[in-house]
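Shown here: entry17.txt, compact mmCIF, C-alpha atoms.
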```txt
# COMPACT_ATOMS: atom_id res chain seq x y z
CA MET A 1 0.00 0.00 0.00
CA THR A 2 1.35 3.43 -0.97
CA PRO A 3 1.98 5.62 2.11
CA ASN A 4 -0.36 8.60 2.43
CA LYS A 5 0.07 12.01 4.03
CA GLU A 6 -0.74 10.65 7.48
CA ASP A 7 1.90 7.93 7.13
CA TYR A 8 4.51 10.55 6.27
CA LEU A 9 3.57 12.75 9.23
CA LYS A 10 3.79 9.81 11.62
CA MET A 11 7.15 8.71 10.22
CA ILE A 12 8.63 12.21 10.45
CA PHE A 13 7.40 12.37 14.05
CA GLU A 14 8.87 8.97 14.91
CA LEU A 15 12.23 9.83 13.39
CA GLY A 16 12.49 12.91 15.60
CA GLY A 17 11.26 15.56 13.20
CA ASP A 18 9.35 17.24 16.01
CA THR A 19 12.58 18.56 17.54
CA ALA A 20 15.30 18.17 14.91
CA LEU A 21 15.90 18.23 11.17
CA ILE A 22 15.66 14.84 9.47
CA SER A 23 16.68 13.89 5.95
CA ASN A 24 14.74 12.64 2.95
CA LYS A 25 16.96 9.56 3.08
CA GLN A 26 15.68 8.68 6.56
CA ILE A 27 12.09 8.85 5.33
CA VAL A 28 12.92 6.79 2.23
CA SER A 29 14.34 4.07 4.47
CA GLY A 30 11.56 4.28 7.07
CA LEU A 31 8.67 4.00 4.61
CA ASP A 32 10.49 1.92 1.99
CA VAL A 33 9.54 4.31 -0.81
CA SER A 34 11.46 6.02 -3.61
CA ALA A 35 13.34 9.27 -3.16
CA ALA A 36 11.09 10.84 -5.82
CA SER A 37 7.96 9.89 -3.88
CA VAL A 38 9.36 11.44 -0.71
CA SER A 39 10.30 14.68 -2.49
CA GLU A 40 6.81 14.93 -3.99
CA MET A 41 5.04 14.37 -0.67
CA ILE A 42 7.33 16.72 1.25
CA ALA A 43 6.53 19.46 -1.26
CA LYS A 44 2.81 18.91 -0.57
CA LEU A 45 3.34 18.94 3.21
CA VAL A 46 5.27 22.21 2.91
CA GLU A 47 2.38 23.74 0.93
CA GLN A 48 -0.05 22.61 3.64
CA HIS A 49 2.21 24.09 6.37
CA TYR A 50 2.77 20.73 8.08
CA VAL A 51 6.55 20.78 7.64
CA THR A 52 9.40 23.12 6.79
CA HIS A 53 12.10 21.99 4.37
CA THR A 54 15.52 23.59 4.25
CA PRO A 55 17.48 22.36 1.20
CA TYR A 56 20.60 20.36 2.12
CA GLN A 57 19.67 20.56 5.82
CA GLY A 58 16.42 18.71 6.37
CA ILE A 59 12.76 18.54 7.24
CA LYS A 60 11.03 19.50 10.47
CA LEU A 61 7.41 19.50 11.59
CA THR A 62 5.71 22.85 12.10
CA ALA A 63 3.61 23.38 15.24
CA SER A 64 0.53 22.37 13.24
CA GLY A 65 2.28 19.36 11.76
CA GLN A 66 3.58 18.27 15.14
CA LYS A 67 0.12 18.34 16.73
CA ASN A 68 -1.49 16.52 13.82
CA ALA A 69 1.24 13.88 13.85
CA ALA A 70 1.01 13.47 17.62
CA LEU A 71 -2.75 12.85 17.49
CA LEU A 72 -2.38 10.36 14.64
CA VAL A 73 0.30 8.55 16.62
CA ARG A 74 -1.92 8.63 19.71
CA ASN A 75 -4.77 6.87 17.92
CA HIS A 76 -2.47 4.27 16.39
CA ARG A 77 -0.66 3.43 19.62
CA LEU A 78 -3.80 3.26 21.74
CA TRP A 79 -5.17 0.63 19.37
CA GLU A 80 -1.90 -1.27 19.56
CA VAL A 81 -2.18 -1.41 23.34
CA PHE A 82 -5.79 -2.55 23.04
CA LEU A 83 -4.94 -5.29 20.56
CA VAL A 84 -2.23 -6.69 22.83
CA GLN A 85 -3.88 -6.23 26.23
CA SER A 86 -7.50 -6.90 25.39
CA LEU A 87 -7.42 -9.18 22.35
CA GLY A 88 -4.19 -11.06 22.98
CA TYR A 89 -2.45 -10.18 19.72
CA PRO A 90 1.31 -10.82 19.60
CA VAL A 91 3.32 -7.60 19.54
CA ASP A 92 4.68 -8.27 16.06
CA ALA A 93 1.18 -8.66 14.56
CA ILE A 94 -0.57 -5.44 15.59
CA HIS A 95 0.77 -2.70 13.32
CA GLN A 96 -1.41 -3.37 10.27
CA GLU A 97 -4.57 -3.79 12.36
CA ALA A 98 -3.92 -0.53 14.20
CA GLU A 99 -3.36 1.21 10.85
CA LYS A 100 -6.92 0.34 9.84
CA LEU A 101 -8.49 1.31 13.16
CA GLU A 102 -6.73 4.65 13.66
CA HIS A 103 -8.46 6.26 10.67
CA ALA A 104 -11.92 5.64 12.11
CA THR A 105 -11.01 6.99 15.57
CA THR A 106 -12.65 10.21 16.77
CA PRO A 107 -11.21 12.26 19.66
CA GLU A 108 -14.07 11.05 21.88
CA MET A 109 -13.38 7.43 20.98
CA ALA A 110 -9.66 7.87 21.68
CA LEU A 111 -10.46 9.43 25.06
CA ARG A 112 -12.72 6.53 26.03
CA LEU A 113 -10.27 3.96 24.73
CA SER A 114 -7.42 5.51 26.69
CA LYS A 115 -9.49 5.58 29.88
CA MET A 116 -10.53 1.96 29.46
CA LEU A 117 -6.88 0.94 29.04
CA GLY A 118 -5.78 2.88 32.14
CA ASP A 119 -4.30 5.83 30.22
CA PRO A 120 -1.18 3.97 29.01
CA GLN A 121 1.92 6.08 28.37
CA TYR A 122 3.73 3.76 25.96
CA CYS A 123 2.80 1.39 23.14
CA PRO A 124 4.13 -2.19 22.87
CA HIS A 125 6.96 -0.98 20.62
CA GLY A 126 8.17 1.50 23.25
CA GLY A 127 6.71 4.62 21.62
CA VAL A 128 5.26 7.33 23.83
CA ILE A 129 1.48 7.86 23.59
CA PRO A 130 0.57 11.57 23.36
CA ASP A 131 -2.39 12.86 25.36
CA GLY A 132 -5.61 14.21 23.85
CA ASP A 133 -4.03 17.65 23.39
CA GLY A 134 -1.02 16.27 21.55
CA HIS A 135 1.40 16.60 24.47
CA TYR A 136 3.92 13.83 25.18
CA PHE A 137 7.13 12.92 26.99
CA ASP A 138 10.45 13.29 25.19
CA GLN A 139 12.04 10.05 24.05
CA SER A 140 15.45 8.88 22.93
CA ARG A 141 16.74 10.28 19.65
CA VAL A 142 19.88 8.11 19.77
CA PRO A 143 19.83 5.57 16.91
CA LEU A 144 21.47 2.22 17.55
CA ALA A 145 23.42 2.67 14.30
CA SER A 146 25.32 5.62 15.82
CA LEU A 147 26.96 3.59 18.60
CA GLU A 148 30.56 2.40 18.59
CA VAL A 149 31.99 -0.89 19.82
CA GLY A 150 31.94 -1.16 23.60
CA ARG A 151 28.88 1.01 24.22
CA LYS A 152 26.16 -0.39 26.44
CA GLY A 153 22.48 0.48 26.74
CA HIS A 154 18.98 -0.83 26.28
CA ILE A 155 16.43 -0.71 23.49
CA GLU A 156 13.95 2.07 24.25
CA ARG A 157 11.76 2.08 21.16
CA VAL A 158 11.58 1.14 17.49
CA VAL A 159 9.96 2.99 14.62
CA ASP A 160 6.46 1.62 14.23
CA GLU A 161 6.84 0.14 10.76
CA ALA A 162 5.76 -3.40 9.92
CA ALA A 163 8.91 -4.60 8.12
CA LEU A 164 11.20 -3.30 10.88
CA ILE A 165 9.09 -4.86 13.62
CA ASP A 166 9.07 -8.21 11.82
CA TYR A 167 12.84 -7.94 11.38
CA ILE A 168 13.80 -7.25 15.00
CA PHE A 169 11.34 -9.72 16.50
CA GLY A 170 12.64 -12.30 14.04
CA LEU A 171 16.11 -11.73 15.51
CA GLY A 172 14.75 -12.18 19.03
CA LEU A 173 15.43 -8.56 20.00
CA HIS A 174 12.84 -6.98 22.31
CA ILE A 175 12.01 -3.60 23.77
CA GLU A 176 13.97 -3.01 27.02
CA ASP A 177 16.65 -5.57 26.08
CA HIS A 178 20.05 -4.58 27.47
CA PHE A 179 23.06 -4.99 25.20
CA THR A 180 26.73 -4.32 24.52
CA VAL A 181 27.96 -3.39 21.03
CA VAL A 182 30.60 -6.00 20.17
CA ALA A 183 31.30 -5.36 16.47
CA LYS A 184 30.54 -2.90 13.69
CA ASP A 185 31.32 -2.57 10.01
CA ASP A 186 29.92 -0.67 7.02
CA GLU A 187 26.74 -2.77 6.86
CA THR A 188 26.16 -4.32 10.28
CA ILE A 189 26.26 -3.57 13.99
CA SER A 190 26.44 -6.59 16.31
CA LEU A 191 25.06 -6.65 19.84
CA GLN A 192 25.54 -9.07 22.68
CA GLN A 193 22.12 -9.42 24.25
CA ALA A 194 22.39 -9.42 28.06
CA ARG A 195 19.25 -11.52 28.50
CA THR A 196 20.49 -14.45 26.41
CA GLY A 197 24.18 -13.84 25.82
CA LYS A 198 23.57 -14.19 22.08
CA ILE A 199 25.36 -12.11 19.45
CA LEU A 200 22.78 -10.42 17.21
CA PRO A 201 23.98 -8.86 13.93
CA ILE A 202 21.68 -6.03 12.84
CA GLU A 203 21.69 -4.28 9.47
CA LEU A 204 22.76 -0.65 9.90
CA LYS A 205 19.86 0.60 7.79
CA ARG A 206 17.51 -1.09 10.30
CA ALA A 207 19.56 0.07 13.29
CA ASN A 208 18.94 3.67 12.23
CA HIS A 209 15.30 3.14 13.23
CA ILE A 210 15.99 1.52 16.59
CA PHE A 211 16.44 4.05 19.40
CA VAL A 212 18.36 3.37 22.57
CA ASP A 213 19.01 4.68 26.06
CA LEU A 214 22.72 4.59 26.80
CA ALA A 215 24.23 3.24 30.01
CA ILE A 216 26.36 5.83 31.82
```
Starting from the file, give its structure as structure tokens.
Amino acid sequence: MTPNKEDYLKMIFELGGDTALISNKQIVSGLDVSAASVSEMIAKLVEQHYVTHTPYQGIKLTASGQKNAALLVRNHRLWEVFLVQSLGYPVDAIHQEAEKLEHATTPEMALRLSKMLGDPQYCPHGGVIPDGDGHYFDQSRVPLASLEVGRKGHIERVVDEAALIDYIFGLGLHIEDHFTVVAKDDETISLQQARTGKILPIELKRANHIFVDLAI
């Protein structure tokens, strides 16, 4: 399915475009679309005042874009919590279902859903859930791909994208897993997972969309 405007806003938000400039390349990788498609959509989002685009520097959400993205993310992540907690879905099988449900969600429905779930603050993939006004806690902007050998930390969140989620769960990597970086080259970063002791090689292009909290 071709990503729509809402998908782009959510991806820019997840990649940190609410507080920092992000590149077209990051969006290309996150949505698995062509560079031409990203350029075309970004031009439309600029016209609609959802983002600003500074050539050779990057893209950032405007105040309007940030609030719209936050509320879209809120609806999506509330449904993910519901699917796991109430319907027993496995964590790696909820993204597509939540995508369908979020578009039919009114603010009143989201409010009632949140209350029923106990006002959760995070989704099963570690992403913060904004409140009904679009406010939310800051989260890690440190991509796993940026770490060097010897660094330690834990997985805080992953970009909520189906192929990435399938990939990391297929490796056996989970949210909150503690790790040490044991190797790195031009294509792969390898972690030793504290929970199992296993060495997990992760493609760098995937590791750019996995965000971590570093051990001091």
As an NGL selection string, please: the residues near Arg74 in chain A (cut-off 9 Å, all atoms listed in the file, same-chain neighbours under 5 positions excluded). :A and (69 or 79 or 102 or 110 or 128-132 or 134)
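Minimum distance to Ile59 in chain A across A:Gly153, A:Pro3, A:Gly16, A:Pro143 (counting only C-alpha atoms) occurs at A:Gly16.
Here CA of Val182 in chain A stands at a distance of 12.6 Å from CA of Leu144 in chain A.
Within 7 Å of the file-frame point (24.3, -0.2, 11.5), and using all atoms listed in the file, the polymer residues found are Ala145, Glu187, Thr188, Ile189, Ile202, Glu203, Leu204, Lys205, Arg206, Ala207 and Asn208 of chain A.
Note that CA of Asn68 in chain A and CA of Ala36 in chain A are 24.0 Å apart.
The neighbours of Ala93 in chain A here are the residues that come within 12 Å of it, using all atoms listed in the file and leaving out any residue fewer than 2 positions away in the same chain; they are Glu80, Val81, Leu83, Val84, Leu87, Gly88, Tyr89, Pro90, Val91, His95, Gln96, Glu97, Ala98, Glu99, Pro124, His125, Asp160, Glu161, Ala162, Ala163, Leu164, Ile165, Asp166 and Phe169 of chain A.
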Those residues with C-alpha atoms, as an mmCIF file, in the coordinates of the input please?
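That gives us result.cif:
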```cif
data_model
loop_
_atom_site.group_PDB
_atom_site.id
_atom_site.type_symbol
_atom_site.label_atom_id
_atom_site.label_comp_id
_atom_site.auth_asym_id
_atom_site.auth_seq_id
_atom_site.Cartn_x
_atom_site.Cartn_y
_atom_site.Cartn_z
ATOM 1 C CA GLU A 80 -1.900 -1.270 19.560
ATOM 2 C CA VAL A 81 -2.180 -1.410 23.340
ATOM 3 C CA LEU A 83 -4.940 -5.290 20.560
ATOM 4 C CA VAL A 84 -2.230 -6.690 22.830
ATOM 5 C CA LEU A 87 -7.420 -9.180 22.350
ATOM 6 C CA GLY A 88 -4.190 -11.060 22.980
ATOM 7 C CA TYR A 89 -2.450 -10.180 19.720
ATOM 8 C CA PRO A 90 1.310 -10.820 19.600
ATOM 9 C CA VAL A 91 3.320 -7.600 19.540
ATOM 10 C CA HIS A 95 0.770 -2.700 13.320
ATOM 11 C CA GLN A 96 -1.410 -3.370 10.270
ATOM 12 C CA GLU A 97 -4.570 -3.790 12.360
ATOM 13 C CA ALA A 98 -3.920 -0.530 14.200
ATOM 14 C CA GLU A 99 -3.360 1.210 10.850
ATOM 15 C CA PRO A 124 4.130 -2.190 22.870
ATOM 16 C CA HIS A 125 6.960 -0.980 20.620
ATOM 17 C CA ASP A 160 6.460 1.620 14.230
ATOM 18 C CA GLU A 161 6.840 0.140 10.760
ATOM 19 C CA ALA A 162 5.760 -3.400 9.920
ATOM 20 C CA ALA A 163 8.910 -4.600 8.120
ATOM 21 C CA LEU A 164 11.200 -3.300 10.880
ATOM 22 C CA ILE A 165 9.090 -4.860 13.620
ATOM 23 C CA ASP A 166 9.070 -8.210 11.820
ATOM 24 C CA PHE A 169 11.340 -9.720 16.500
#
```
Selected residue, from A:Leu171, A:Leu45, A:Leu78, A:Met1, that lies nearest to Asp92 in chain A when counting only C-alpha atoms: A:Leu171
Do you know which residues are at most 9 Å from His53 in chain A counting all atoms listed in the file, after dropping those on the same chain fewer than 4 positions away, and could you put them as a PyMOL selection string? chain A and resi 21+42-43+46+57-61
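Between Asp185 in chain A and the residues A:Ile210, A:Arg77, A:Glu148, A:Glu156, the shortest atom-to-atom distance, using only C-alpha atoms, involves A:Glu148.
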Place a sphere of radius 9 Å on (9.2, 11.6, 19.1) in the file coordinates and name every protein, DNA or RNA residue with an atom inside or on its surface, counting all atoms listed in the file; give the answer as a ChimeraX atom specification. /A:12-19,70,127-128,136-141
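Atom to atom, CA of Ala35 in chain A and CA of Thr54 in chain A stand 16.3 Å apart.
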Out of A:Asn4, A:Gln85, A:Leu31, A:Lys100, which residue has the shortest atom-to-atom distance to Gly118 in chain A when counting all atoms listed in the file? A:Gln85
So, counting all atoms listed in the file, which residue among A:Val142, A:Ala194, A:Val51, A:Ala63 is closest to Val212 in chain A? A:Val142
